[in-house]
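Structure data (PDB, C-alpha atoms and all ligand atoms) from start.pdb:
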ATOM      1  CA  MET A  27     -58.252  28.603  25.182  1.00  0.00           C
ATOM      2  CA  THR A  28     -56.078  25.756  24.047  1.00  0.00           C
ATOM      3  CA  HIS A  29     -55.743  22.347  25.610  1.00  0.00           C
ATOM      4  CA  SER A  30     -53.650  19.294  25.091  1.00  0.00           C
ATOM      5  CA  GLY A  31     -55.029  16.303  23.235  1.00  0.00           C
ATOM      6  CA  ASP A  32     -55.397  14.976  19.758  1.00  0.00           C
ATOM      7  CA  PRO A  33     -58.525  15.552  17.638  1.00  0.00           C
ATOM      8  CA  TRP A  34     -58.256  12.082  16.082  1.00  0.00           C
ATOM      9  CA  ILE A  35     -58.057  10.283  19.402  1.00  0.00           C
ATOM     10  CA  SER A  36     -60.682  12.463  21.128  1.00  0.00           C
ATOM     11  CA  SER A  37     -63.204  12.175  18.295  1.00  0.00           C
ATOM     12  CA  GLY A  38     -62.746   8.460  17.607  1.00  0.00           C
ATOM     13  CA  MET A  39     -63.076   9.469  13.957  1.00  0.00           C
ATOM     14  CA  LYS A  40     -60.518   7.095  12.439  1.00  0.00           C
ATOM     15  CA  GLU A  41     -61.845   3.993  14.218  1.00  0.00           C
ATOM     16  CA  LEU A  42     -65.399   4.886  13.306  1.00  0.00           C
ATOM     17  CA  ASN A  43     -64.443   5.442   9.663  1.00  0.00           C
ATOM     18  CA  ALA A  44     -62.052   2.495   9.310  1.00  0.00           C
ATOM     19  CA  PRO A  45     -64.635   0.405   7.373  1.00  0.00           C
ATOM     20  CA  LEU A  46     -65.048   3.269   4.871  1.00  0.00           C
ATOM     21  CA  GLU A  47     -61.371   3.624   4.022  1.00  0.00           C
ATOM     22  CA  ALA A  48     -61.014   0.788   1.514  1.00  0.00           C
ATOM     23  CA  PRO A  49     -64.226   1.495  -0.452  1.00  0.00           C
ATOM     24  CA  VAL A  50     -63.502   5.239  -0.557  1.00  0.00           C
ATOM     25  CA  ARG A  51     -59.971   4.568  -1.795  1.00  0.00           C
ATOM     26  CA  ALA A  52     -61.220   2.125  -4.445  1.00  0.00           C
ATOM     27  CA  PHE A  53     -63.823   4.637  -5.613  1.00  0.00           C
ATOM     28  CA  LEU A  54     -61.205   7.384  -5.942  1.00  0.00           C
ATOM     29  CA  GLN A  55     -58.808   5.053  -7.773  1.00  0.00           C
ATOM     30  CA  ASN A  56     -61.504   4.288 -10.341  1.00  0.00           C
ATOM     31  CA  LEU A  57     -62.359   7.947 -10.639  1.00  0.00           C
ATOM     32  CA  ALA A  58     -58.739   8.918 -11.314  1.00  0.00           C
ATOM     33  CA  ARG A  59     -58.890   6.800 -14.500  1.00  0.00           C
ATOM     34  CA  ASP A  60     -61.921   8.639 -15.881  1.00  0.00           C
ATOM     35  CA  PRO A  61     -61.072  12.308 -16.608  1.00  0.00           C
ATOM     36  CA  SER A  62     -64.601  13.556 -17.211  1.00  0.00           C
ATOM     37  CA  ALA A  63     -66.114  11.872 -14.121  1.00  0.00           C
ATOM     38  CA  HIS A  64     -63.088  12.988 -12.141  1.00  0.00           C
ATOM     39  CA  ALA A  65     -63.560  16.590 -13.291  1.00  0.00           C
ATOM     40  CA  ARG A  66     -67.201  16.554 -12.161  1.00  0.00           C
ATOM     41  CA  PHE A  67     -66.158  15.123  -8.788  1.00  0.00           C
ATOM     42  CA  MET A  68     -63.536  17.853  -8.332  1.00  0.00           C
ATOM     43  CA  ASN A  69     -66.101  20.477  -9.235  1.00  0.00           C
ATOM     44  CA  MET A  70     -68.308  19.041  -6.481  1.00  0.00           C
ATOM     45  CA  LEU A  71     -65.442  19.359  -4.001  1.00  0.00           C
ATOM     46  CA  SER A  72     -65.089  22.948  -5.202  1.00  0.00           C
ATOM     47  CA  MET A  73     -68.764  23.508  -4.420  1.00  0.00           C
ATOM     48  CA  LEU A  74     -68.403  22.049  -0.905  1.00  0.00           C
ATOM     49  CA  GLU A  75     -65.337  24.202  -0.215  1.00  0.00           C
ATOM     50  CA  HIS A  76     -67.245  27.232  -1.464  1.00  0.00           C
ATOM     51  CA  MET A  77     -70.173  26.350   0.818  1.00  0.00           C
ATOM     52  CA  GLY A  78     -67.712  26.074   3.722  1.00  0.00           C
ATOM     53  CA  SER A  79     -66.281  29.488   2.967  1.00  0.00           C
ATOM     54  CA  ARG A  80     -69.748  31.018   2.673  1.00  0.00           C
ATOM     55  CA  LYS A  81     -70.841  29.357   5.919  1.00  0.00           C
ATOM     56  CA  ILE A  82     -67.942  31.028   7.749  1.00  0.00           C
ATOM     57  CA  MET A  83     -68.840  34.384   6.205  1.00  0.00           C
ATOM     58  CA  LEU A  84     -72.530  34.139   7.131  1.00  0.00           C
ATOM     59  CA  SER A  85     -71.766  32.970  10.674  1.00  0.00           C
ATOM     60  CA  GLN A  86     -69.707  36.107  11.252  1.00  0.00           C
ATOM     61  CA  MET A  87     -72.100  38.696   9.801  1.00  0.00           C
ATOM     62  CA  ASP A  88     -73.093  40.181  13.163  1.00  0.00           C
ATOM     63  CA  LYS A  89     -69.734  39.654  14.867  1.00  0.00           C
ATOM     64  CA  VAL A  90     -66.346  41.335  14.874  1.00  0.00           C
ATOM     65  CA  LEU A  91     -64.385  39.714  12.073  1.00  0.00           C
ATOM     66  CA  THR A  92     -60.921  38.695  13.277  1.00  0.00           C
ATOM     67  CA  GLU A  93     -57.837  38.086  11.186  1.00  0.00           C
ATOM     68  CA  ASP A  94     -57.931  34.364  12.026  1.00  0.00           C
ATOM     69  CA  ILE A  95     -61.490  33.960  10.801  1.00  0.00           C
ATOM     70  CA  LEU A  96     -60.861  36.025   7.685  1.00  0.00           C
ATOM     71  CA  LYS A  97     -57.831  33.847   6.938  1.00  0.00           C
ATOM     72  CA  HIS A  98     -59.882  30.684   7.396  1.00  0.00           C
ATOM     73  CA  LEU A  99     -62.616  32.030   5.112  1.00  0.00           C
ATOM     74  CA  ALA A 100     -60.060  33.039   2.460  1.00  0.00           C
ATOM     75  CA  GLU A 101     -58.341  29.650   2.560  1.00  0.00           C
ATOM     76  CA  GLU A 102     -61.621  27.768   2.080  1.00  0.00           C
ATOM     77  CA  ALA A 103     -62.420  30.073  -0.857  1.00  0.00           C
ATOM     78  CA  ARG A 104     -58.992  29.296  -2.279  1.00  0.00           C
ATOM     79  CA  HIS A 105     -59.650  25.555  -1.927  1.00  0.00           C
ATOM     80  CA  ALA A 106     -62.850  26.067  -3.929  1.00  0.00           C
ATOM     81  CA  TYR A 107     -60.781  27.850  -6.584  1.00  0.00           C
ATOM     82  CA  PHE A 108     -58.096  25.130  -6.515  1.00  0.00           C
ATOM     83  CA  PHE A 109     -60.579  22.314  -7.165  1.00  0.00           C
ATOM     84  CA  LYS A 110     -62.425  24.329  -9.826  1.00  0.00           C
ATOM     85  CA  ARG A 111     -59.132  24.989 -11.613  1.00  0.00           C
ATOM     86  CA  GLN A 112     -58.021  21.339 -11.475  1.00  0.00           C
ATOM     87  CA  ALA A 113     -61.488  20.211 -12.594  1.00  0.00           C
ATOM     88  CA  GLU A 114     -61.308  22.504 -15.623  1.00  0.00           C
ATOM     89  CA  ARG A 115     -57.811  21.283 -16.408  1.00  0.00           C
ATOM     90  CA  LEU A 116     -59.036  17.680 -16.417  1.00  0.00           C
ATOM     91  CA  ALA A 117     -62.185  18.513 -18.377  1.00  0.00           C
ATOM     92  CA  GLY A 118     -60.287  20.606 -20.896  1.00  0.00           C
ATOM     93  CA  GLU A 119     -63.022  23.239 -20.781  1.00  0.00           C
ATOM     94  CA  ALA A 120     -64.611  25.804 -18.493  1.00  0.00           C
ATOM     95  CA  LEU A 121     -66.959  24.416 -15.831  1.00  0.00           C
ATOM     96  CA  ASP A 122     -68.915  27.510 -14.878  1.00  0.00           C
ATOM     97  CA  GLY A 123     -70.897  27.346 -11.666  1.00  0.00           C
ATOM     98  CA  TYR A 124     -72.216  24.094 -10.210  1.00  0.00           C
ATOM     99  CA  ASP A 125     -74.985  22.377 -12.128  1.00  0.00           C
ATOM    100  CA  ASN A 126     -76.165  18.812 -12.677  1.00  0.00           C
ATOM    101  CA  GLY A 127     -74.071  18.553 -15.835  1.00  0.00           C
ATOM    102  CA  ASN A 128     -70.688  19.647 -14.464  1.00  0.00           C
ATOM    103  CA  CYS A 129     -70.986  18.639 -10.805  1.00  0.00           C
ATOM    104  CA  THR A 130     -71.372  15.066  -9.489  1.00  0.00           C
ATOM    105  CA  THR A 131     -74.330  14.474  -7.127  1.00  0.00           C
ATOM    106  CA  ARG A 132     -74.816  18.221  -6.733  1.00  0.00           C
ATOM    107  CA  ILE A 133     -78.031  18.035  -4.716  1.00  0.00           C
ATOM    108  CA  PRO A 134     -77.032  15.130  -2.378  1.00  0.00           C
ATOM    109  CA  ALA A 135     -73.692  16.906  -1.738  1.00  0.00           C
ATOM    110  CA  ALA A 136     -75.416  20.184  -0.887  1.00  0.00           C
ATOM    111  CA  MET A 137     -77.908  18.285   1.301  1.00  0.00           C
ATOM    112  CA  TYR A 138     -75.099  16.490   3.123  1.00  0.00           C
ATOM    113  CA  PHE A 139     -73.527  19.855   3.920  1.00  0.00           C
ATOM    114  CA  GLY A 140     -76.811  21.558   4.836  1.00  0.00           C
ATOM    115  CA  ARG A 141     -77.947  18.738   7.114  1.00  0.00           C
ATOM    116  CA  MET A 142     -74.615  18.549   8.867  1.00  0.00           C
ATOM    117  CA  ASP A 143     -74.562  22.311   9.422  1.00  0.00           C
ATOM    118  CA  ALA A 144     -78.151  22.408  10.684  1.00  0.00           C
ATOM    119  CA  GLY A 145     -77.845  19.251  12.806  1.00  0.00           C
ATOM    120  CA  ILE A 146     -74.659  20.388  14.531  1.00  0.00           C
ATOM    121  CA  SER A 147     -75.911  23.960  14.995  1.00  0.00           C
ATOM    122  CA  LYS A 148     -79.021  22.565  16.688  1.00  0.00           C
ATOM    123  CA  ARG A 149     -76.942  20.599  19.193  1.00  0.00           C
ATOM    124  CA  VAL A 150     -74.565  23.371  20.301  1.00  0.00           C
ATOM    125  CA  ALA A 151     -74.970  26.926  21.584  1.00  0.00           C
ATOM    126  CA  PRO A 152     -75.493  29.447  18.738  1.00  0.00           C
ATOM    127  CA  ALA A 153     -72.194  31.190  19.505  1.00  0.00           C
ATOM    128  CA  ASP A 154     -70.369  27.856  19.167  1.00  0.00           C
ATOM    129  CA  SER A 155     -71.800  26.907  15.800  1.00  0.00           C
ATOM    130  CA  TYR A 156     -68.794  28.203  13.834  1.00  0.00           C
ATOM    131  CA  PRO A 157     -66.059  26.278  15.713  1.00  0.00           C
ATOM    132  CA  TRP A 158     -68.112  23.085  16.054  1.00  0.00           C
ATOM    133  CA  VAL A 159     -69.303  22.879  12.454  1.00  0.00           C
ATOM    134  CA  SER A 160     -65.783  23.772  11.309  1.00  0.00           C
ATOM    135  CA  LEU A 161     -64.154  21.169  13.562  1.00  0.00           C
ATOM    136  CA  ILE A 162     -66.363  18.388  12.213  1.00  0.00           C
ATOM    137  CA  ILE A 163     -65.826  19.532   8.608  1.00  0.00           C
ATOM    138  CA  GLU A 164     -62.055  19.698   9.094  1.00  0.00           C
ATOM    139  CA  LEU A 165     -61.981  16.137  10.438  1.00  0.00           C
ATOM    140  CA  ARG A 166     -63.789  14.935   7.318  1.00  0.00           C
ATOM    141  CA  ALA A 167     -61.664  17.081   4.988  1.00  0.00           C
ATOM    142  CA  CYS A 168     -58.395  15.829   6.499  1.00  0.00           C
ATOM    143  CA  TRP A 169     -59.621  12.222   6.469  1.00  0.00           C
ATOM    144  CA  LEU A 170     -60.828  12.296   2.854  1.00  0.00           C
ATOM    145  CA  TYR A 171     -58.031  14.427   1.409  1.00  0.00           C
ATOM    146  CA  ALA A 172     -55.331  12.245   2.977  1.00  0.00           C
ATOM    147  CA  ILE A 173     -56.697   9.223   1.078  1.00  0.00           C
ATOM    148  CA  TYR A 174     -57.311  11.277  -2.059  1.00  0.00           C
ATOM    149  CA  HIS A 175     -53.772  12.703  -1.901  1.00  0.00           C
ATOM    150  CA  GLN A 176     -52.280   9.190  -1.921  1.00  0.00           C
ATOM    151  CA  VAL A 177     -54.535   8.116  -4.788  1.00  0.00           C
ATOM    152  CA  LEU A 178     -53.539  11.180  -6.840  1.00  0.00           C
ATOM    153  CA  GLU A 179     -49.832  10.594  -6.149  1.00  0.00           C
ATOM    154  CA  GLU A 180     -50.129   7.015  -7.407  1.00  0.00           C
ATOM    155  CA  SER A 181     -52.200   8.024 -10.420  1.00  0.00           C
ATOM    156  CA  GLY A 182     -49.475  10.140 -12.012  1.00  0.00           C
ATOM    157  CA  LEU A 183     -51.972  12.954 -12.649  1.00  0.00           C
ATOM    158  CA  ARG A 184     -49.586  15.543 -11.180  1.00  0.00           C
ATOM    159  CA  ILE A 185     -52.186  17.057  -8.886  1.00  0.00           C
ATOM    160  CA  SER A 186     -50.937  17.522  -5.332  1.00  0.00           C
ATOM    161  CA  LEU A 187     -53.128  18.138  -2.307  1.00  0.00           C
ATOM    162  CA  LYS A 188     -50.103  18.671  -0.064  1.00  0.00           C
ATOM    163  CA  SER A 189     -50.487  22.381   0.667  1.00  0.00           C
ATOM    164  CA  LEU A 190     -54.271  22.106   0.872  1.00  0.00           C
ATOM    165  CA  LEU A 191     -53.917  19.282   3.409  1.00  0.00           C
ATOM    166  CA  ALA A 192     -51.456  21.350   5.453  1.00  0.00           C
ATOM    167  CA  GLU A 193     -54.013  24.173   5.648  1.00  0.00           C
ATOM    168  CA  GLU A 194     -56.850  21.818   6.622  1.00  0.00           C
ATOM    169  CA  ASP A 195     -54.595  20.346   9.301  1.00  0.00           C
ATOM    170  CA  MET A 196     -53.986  23.809  10.699  1.00  0.00           C
ATOM    171  CA  HIS A 197     -57.714  24.628  10.679  1.00  0.00           C
ATOM    172  CA  LEU A 198     -58.360  21.344  12.473  1.00  0.00           C
ATOM    173  CA  ALA A 199     -55.860  22.196  15.211  1.00  0.00           C
ATOM    174  CA  GLU A 200     -57.338  25.702  15.602  1.00  0.00           C
ATOM    175  CA  MET A 201     -60.945  24.507  15.833  1.00  0.00           C
ATOM    176  CA  PHE A 202     -59.981  21.678  18.170  1.00  0.00           C
ATOM    177  CA  GLY A 203     -58.303  24.271  20.379  1.00  0.00           C
ATOM    178  CA  MET A 204     -61.551  26.260  20.477  1.00  0.00           C
ATOM    179  CA  CYS A 205     -64.024  23.531  21.434  1.00  0.00           C
ATOM    180  CA  GLY A 206     -62.432  20.057  21.309  1.00  0.00           C
ATOM    181  CA  ALA A 207     -62.087  19.751  25.098  1.00  0.00           C
ATOM    182  CA  ASP A 208     -65.740  18.651  25.218  1.00  0.00           C
ATOM    183  CA  THR A 209     -65.018  15.063  24.218  1.00  0.00           C
ATOM    184  CA  ASN A 210     -68.583  13.813  24.647  1.00  0.00           C
ATOM    185  CA  THR A 211     -69.967  16.371  22.214  1.00  0.00           C
ATOM    186  CA  LEU A 212     -67.068  15.768  19.824  1.00  0.00           C
ATOM    187  CA  ARG A 213     -67.757  12.015  19.749  1.00  0.00           C
ATOM    188  CA  ALA A 214     -71.486  12.477  19.291  1.00  0.00           C
ATOM    189  CA  LEU A 215     -71.081  15.017  16.465  1.00  0.00           C
ATOM    190  CA  THR A 216     -68.418  12.901  14.754  1.00  0.00           C
ATOM    191  CA  ALA A 217     -70.784   9.930  14.772  1.00  0.00           C
ATOM    192  CA  TYR A 218     -73.599  12.139  13.476  1.00  0.00           C
ATOM    193  CA  GLU A 219     -71.483  13.424  10.571  1.00  0.00           C
ATOM    194  CA  THR A 220     -70.100   9.967   9.777  1.00  0.00           C
ATOM    195  CA  ASP A 221     -73.634   8.678   9.319  1.00  0.00           C
ATOM    196  CA  LEU A 222     -74.465  11.545   6.938  1.00  0.00           C
ATOM    197  CA  PHE A 223     -71.196  11.060   5.047  1.00  0.00           C
ATOM    198  CA  ARG A 224     -71.734   7.309   4.652  1.00  0.00           C
ATOM    199  CA  LYS A 225     -75.202   7.893   3.189  1.00  0.00           C
ATOM    200  CA  PHE A 226     -73.921  10.621   0.901  1.00  0.00           C
ATOM    201  CA  TRP A 227     -71.015   8.494  -0.309  1.00  0.00           C
ATOM    202  CA  ALA A 228     -73.372   5.581  -1.046  1.00  0.00           C
ATOM    203  CA  VAL A 229     -75.378   7.885  -3.338  1.00  0.00           C
ATOM    204  CA  LEU A 230     -72.150   9.022  -4.970  1.00  0.00           C
ATOM    205  CA  GLU A 231     -71.096   5.418  -5.607  1.00  0.00           C
ATOM    206  CA  LYS A 232     -74.475   4.519  -7.013  1.00  0.00           C
ATOM    207  CA  THR A 233     -74.421   7.524  -9.323  1.00  0.00           C
ATOM    208  CA  GLU A 234     -70.965   6.609 -10.601  1.00  0.00           C
ATOM    209  CA  GLY A 235     -71.917   2.950 -11.047  1.00  0.00           C
ATOM    210  CA  CYS A 236     -70.039   1.537  -8.058  1.00  0.00           C
ATOM    211  CA  HIS A 237     -71.872  -0.239  -5.254  1.00  0.00           C
ATOM    212  CA  ALA A 238     -69.440  -1.040  -2.450  1.00  0.00           C
ATOM    213  CA  LEU A 239     -71.159   1.119   0.193  1.00  0.00           C
ATOM    214  CA  ALA A 240     -74.638   1.172  -1.314  1.00  0.00           C
ATOM    215  CA  ALA A 241     -74.986  -2.604  -0.798  1.00  0.00           C
TER
HETATM  216 FE    FE B 301     -61.009  23.437   2.685  1.00  0.00          FE
HETATM  217 FE    FE B 302     -60.470  23.948   6.285  1.00  0.00          FE
END
So, in terms of structure tokens, how does the structure I just supplied come out?
Amino acid sequence: MTHSGDPWISSGMKELNAPLEAPVRAFLQNLARDPSAHARFMNMLSMLEHMGSRKIMLSQMDKVLTEDILKHLAEEARHAYFFKRQAERLAGEALDGYDNGNCTTRIPAAMYFGRMDAGISKRVAPADSYPWVSLIIELRACWLYAIYHQVLEESGLRISLKSLLAEEDMHLAEMFGMCGADTNTLRALTAYETDLFRKFWAVLEKTEGCHALAA
């Protein structure tokens, strides 16, 4: 069930998020200069990747698990591991679990994810929850990691998101192939997630003492 088209054009995601690009980039550039804050941020990304992996697992509990879905689940778990490992490298110590001390805006991040999952699942048929939630998450992951990748390259920290980005790109294409033909729903859900992300990022900025979006 594939169709032609481009997830970026169909979703309108880049246009909608254009005003967020500069403040998000500036925030990440500041973060890259502060190893301990940066480590806590990476541990938060690890938590979100872990939540994504767990979401896939739970959504498939009563279904026949295919190789594609198992691969997707495993790759999200590996992303969680990747960010945890880089966070520990930056921190110079173990960051076990996800708590308020080692994870930036732990509760707002978990709430952002939970609300997005619940809000999207409410708007689509139960059987379509997995591809729709995944499609919207992949758009955000590709959008954010592309900016973050550039910032990391310029920072000289020798952390590359290249292979992670390639995997997210592939997930995006797969999920778009499963449900992206419904452009109206895609646009509405993209706008819904963008609103949640903007609010979440404003909290993140405020917490880290930066106010570009919170203003
Ligand atoms: Fe991921
Ligand atoms: Fe992904």
**Item:** Distance query Met142 in chain A at most 10 Å, all atoms listed in the file, self and fewer than 3 positions along chain excluded, as JSON, numbers by chain
**Value:** {"A": [136, 137, 138, 139, 145, 146, 147, 148, 159, 162, 163, 215, 218, 219, 220, 221, 222, 223]}
**Request:** Check which residues satisfy the PyMOL selection byres (((chain A and resi 32-37) around 12) and not hetatm) in the file shown, then give them as a VMD selection string.
**Result:** chain A and resid 28 to 31 38 to 43 161 to 162 164 to 166 168 to 169 195 to 220
**Message:** So, with all atoms listed in the file as the atoms that count, which of A:Ala167, A:Leu178, A:Ile95, A:Ala63 lies closest to Thr233 in chain A?
**Reply:**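 Among the listed residues, A:Ala63 lies closest to Thr233 in chain A.
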**Prompt:** Mind telling me what the PyMOL selection byres (((chain A and resi 48-53) around 12) and not hetatm) catches here, as a VMD selection string?
**Reply:** chain A and resid 43 to 47 54 to 60 63 to 64 67 169 to 178 180 223 to 224 226 to 228 230 to 241
So which residues are near ligand FE 301 (chain B), meaning at most 12 Å away with all atoms listed in the file counted, given back as a short mmCIF file (atom, residue, chain, number, x, y, z; two decimals) with C-alpha atoms, keeping the file's coordinate frame?
data_model
loop_
_atom_site.label_atom_id
_atom_site.label_comp_id
_atom_site.auth_asym_id
_atom_site.auth_seq_id
_atom_site.Cartn_x
_atom_site.Cartn_y
_atom_site.Cartn_z
CA LEU A 71 -65.44 19.36 -4.00
CA SER A 72 -65.09 22.95 -5.20
CA MET A 73 -68.76 23.51 -4.42
CA LEU A 74 -68.40 22.05 -0.90
CA GLU A 75 -65.34 24.20 -0.22
CA HIS A 76 -67.24 27.23 -1.46
CA MET A 77 -70.17 26.35 0.82
CA GLY A 78 -67.71 26.07 3.72
CA SER A 79 -66.28 29.49 2.97
CA ARG A 80 -69.75 31.02 2.67
CA LYS A 81 -70.84 29.36 5.92
CA ILE A 82 -67.94 31.03 7.75
CA LYS A 97 -57.83 33.85 6.94
CA HIS A 98 -59.88 30.68 7.40
CA LEU A 99 -62.62 32.03 5.11
CA ALA A 100 -60.06 33.04 2.46
CA GLU A 101 -58.34 29.65 2.56
CA GLU A 102 -61.62 27.77 2.08
CA ALA A 103 -62.42 30.07 -0.86
CA ARG A 104 -58.99 29.30 -2.28
CA HIS A 105 -59.65 25.56 -1.93
CA ALA A 106 -62.85 26.07 -3.93
CA TYR A 107 -60.78 27.85 -6.58
CA PHE A 108 -58.10 25.13 -6.52
CA PHE A 109 -60.58 22.31 -7.16
CA SER A 160 -65.78 23.77 11.31
CA LEU A 161 -64.15 21.17 13.56
CA ILE A 163 -65.83 19.53 8.61
CA GLU A 164 -62.06 19.70 9.09
CA LEU A 165 -61.98 16.14 10.44
CA ARG A 166 -63.79 14.94 7.32
CA ALA A 167 -61.66 17.08 4.99
CA CYS A 168 -58.40 15.83 6.50
CA TRP A 169 -59.62 12.22 6.47
CA LEU A 170 -60.83 12.30 2.85
CA TYR A 171 -58.03 14.43 1.41
CA LEU A 187 -53.13 18.14 -2.31
CA SER A 189 -50.49 22.38 0.67
CA LEU A 190 -54.27 22.11 0.87
CA LEU A 191 -53.92 19.28 3.41
CA ALA A 192 -51.46 21.35 5.45
CA GLU A 193 -54.01 24.17 5.65
CA GLU A 194 -56.85 21.82 6.62
CA ASP A 195 -54.60 20.35 9.30
CA MET A 196 -53.99 23.81 10.70
CA HIS A 197 -57.71 24.63 10.68
CA LEU A 198 -58.36 21.34 12.47
#
**Request:** Figure out the distance between CA of Asn126 in chain A and CA of Ser85 in chain A, please, to one decimal in Å.
**Result:** 27.7 Å
Generate the missing atoms of range 31-50 of chain A up to N, CA and C atoms and report them as a PDB file, keeping the file's coordinate frame.
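For reference, selection-v5.pdb as written:
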ATOM      1  N   GLY A  31     -54.151  17.350  23.768  1.00  0.00           N
ATOM      2  CA  GLY A  31     -55.029  16.303  23.235  1.00  0.00           C
ATOM      3  C   GLY A  31     -54.892  16.231  21.736  1.00  0.00           C
ATOM      4  N   ASP A  32     -55.511  15.221  21.184  1.00  0.00           N
ATOM      5  CA  ASP A  32     -55.397  14.976  19.758  1.00  0.00           C
ATOM      6  C   ASP A  32     -56.806  14.823  19.193  1.00  0.00           C
ATOM      7  N   PRO A  33     -57.150  15.612  18.147  1.00  0.00           N
ATOM      8  CA  PRO A  33     -58.525  15.552  17.638  1.00  0.00           C
ATOM      9  C   PRO A  33     -58.916  14.168  17.135  1.00  0.00           C
ATOM     10  N   TRP A  34     -57.935  13.412  16.627  1.00  0.00           N
ATOM     11  CA  TRP A  34     -58.256  12.082  16.082  1.00  0.00           C
ATOM     12  C   TRP A  34     -58.588  11.111  17.198  1.00  0.00           C
ATOM     13  N   ILE A  35     -57.812  11.187  18.276  1.00  0.00           N
ATOM     14  CA  ILE A  35     -58.057  10.283  19.402  1.00  0.00           C
ATOM     15  C   ILE A  35     -59.348  10.685  20.113  1.00  0.00           C
ATOM     16  N   SER A  36     -59.498  11.997  20.393  1.00  0.00           N
ATOM     17  CA  SER A  36     -60.682  12.463  21.128  1.00  0.00           C
ATOM     18  C   SER A  36     -61.981  12.175  20.389  1.00  0.00           C
ATOM     19  N   SER A  37     -61.964  12.327  19.065  1.00  0.00           N
ATOM     20  CA  SER A  37     -63.204  12.175  18.295  1.00  0.00           C
ATOM     21  C   SER A  37     -63.541  10.716  18.003  1.00  0.00           C
ATOM     22  N   GLY A  38     -62.532   9.853  18.006  1.00  0.00           N
ATOM     23  CA  GLY A  38     -62.746   8.460  17.607  1.00  0.00           C
ATOM     24  C   GLY A  38     -63.028   8.336  16.118  1.00  0.00           C
ATOM     25  N   MET A  39     -62.691   9.382  15.361  1.00  0.00           N
ATOM     26  CA  MET A  39     -63.076   9.469  13.957  1.00  0.00           C
ATOM     27  C   MET A  39     -62.477   8.356  13.100  1.00  0.00           C
ATOM     28  N   LYS A  40     -61.183   8.091  13.306  1.00  0.00           N
ATOM     29  CA  LYS A  40     -60.518   7.095  12.439  1.00  0.00           C
ATOM     30  C   LYS A  40     -61.063   5.694  12.657  1.00  0.00           C
ATOM     31  N   GLU A  41     -61.297   5.335  13.932  1.00  0.00           N
ATOM     32  CA  GLU A  41     -61.845   3.993  14.218  1.00  0.00           C
ATOM     33  C   GLU A  41     -63.238   3.863  13.596  1.00  0.00           C
ATOM     34  N   LEU A  42     -64.029   4.902  13.797  1.00  0.00           N
ATOM     35  CA  LEU A  42     -65.399   4.886  13.306  1.00  0.00           C
ATOM     36  C   LEU A  42     -65.448   4.782  11.771  1.00  0.00           C
ATOM     37  N   ASN A  43     -64.458   5.389  11.126  1.00  0.00           N
ATOM     38  CA  ASN A  43     -64.443   5.442   9.663  1.00  0.00           C
ATOM     39  C   ASN A  43     -63.559   4.376   9.025  1.00  0.00           C
ATOM     40  N   ALA A  44     -62.954   3.516   9.851  1.00  0.00           N
ATOM     41  CA  ALA A  44     -62.052   2.495   9.310  1.00  0.00           C
ATOM     42  C   ALA A  44     -62.725   1.637   8.229  1.00  0.00           C
ATOM     43  N   PRO A  45     -64.007   1.235   8.416  1.00  0.00           N
ATOM     44  CA  PRO A  45     -64.635   0.405   7.373  1.00  0.00           C
ATOM     45  C   PRO A  45     -64.848   1.150   6.054  1.00  0.00           C
ATOM     46  N   LEU A  46     -64.808   2.485   6.092  1.00  0.00           N
ATOM     47  CA  LEU A  46     -65.048   3.269   4.871  1.00  0.00           C
ATOM     48  C   LEU A  46     -63.770   3.475   4.056  1.00  0.00           C
ATOM     49  N   GLU A  47     -62.630   3.280   4.692  1.00  0.00           N
ATOM     50  CA  GLU A  47     -61.371   3.624   4.022  1.00  0.00           C
ATOM     51  C   GLU A  47     -61.151   2.894   2.703  1.00  0.00           C
ATOM     52  N   ALA A  48     -61.287   1.568   2.725  1.00  0.00           N
ATOM     53  CA  ALA A  48     -61.014   0.788   1.514  1.00  0.00           C
ATOM     54  C   ALA A  48     -61.991   1.113   0.382  1.00  0.00           C
ATOM     55  N   PRO A  49     -63.318   1.149   0.652  1.00  0.00           N
ATOM     56  CA  PRO A  49     -64.226   1.495  -0.452  1.00  0.00           C
ATOM     57  C   PRO A  49     -64.032   2.916  -0.981  1.00  0.00           C
ATOM     58  N   VAL A  50     -63.717   3.863  -0.101  1.00  0.00           N
ATOM     59  CA  VAL A  50     -63.502   5.239  -0.557  1.00  0.00           C
ATOM     60  C   VAL A  50     -62.242   5.297  -1.432  1.00  0.00           C
TER      61      VAL A  50
END
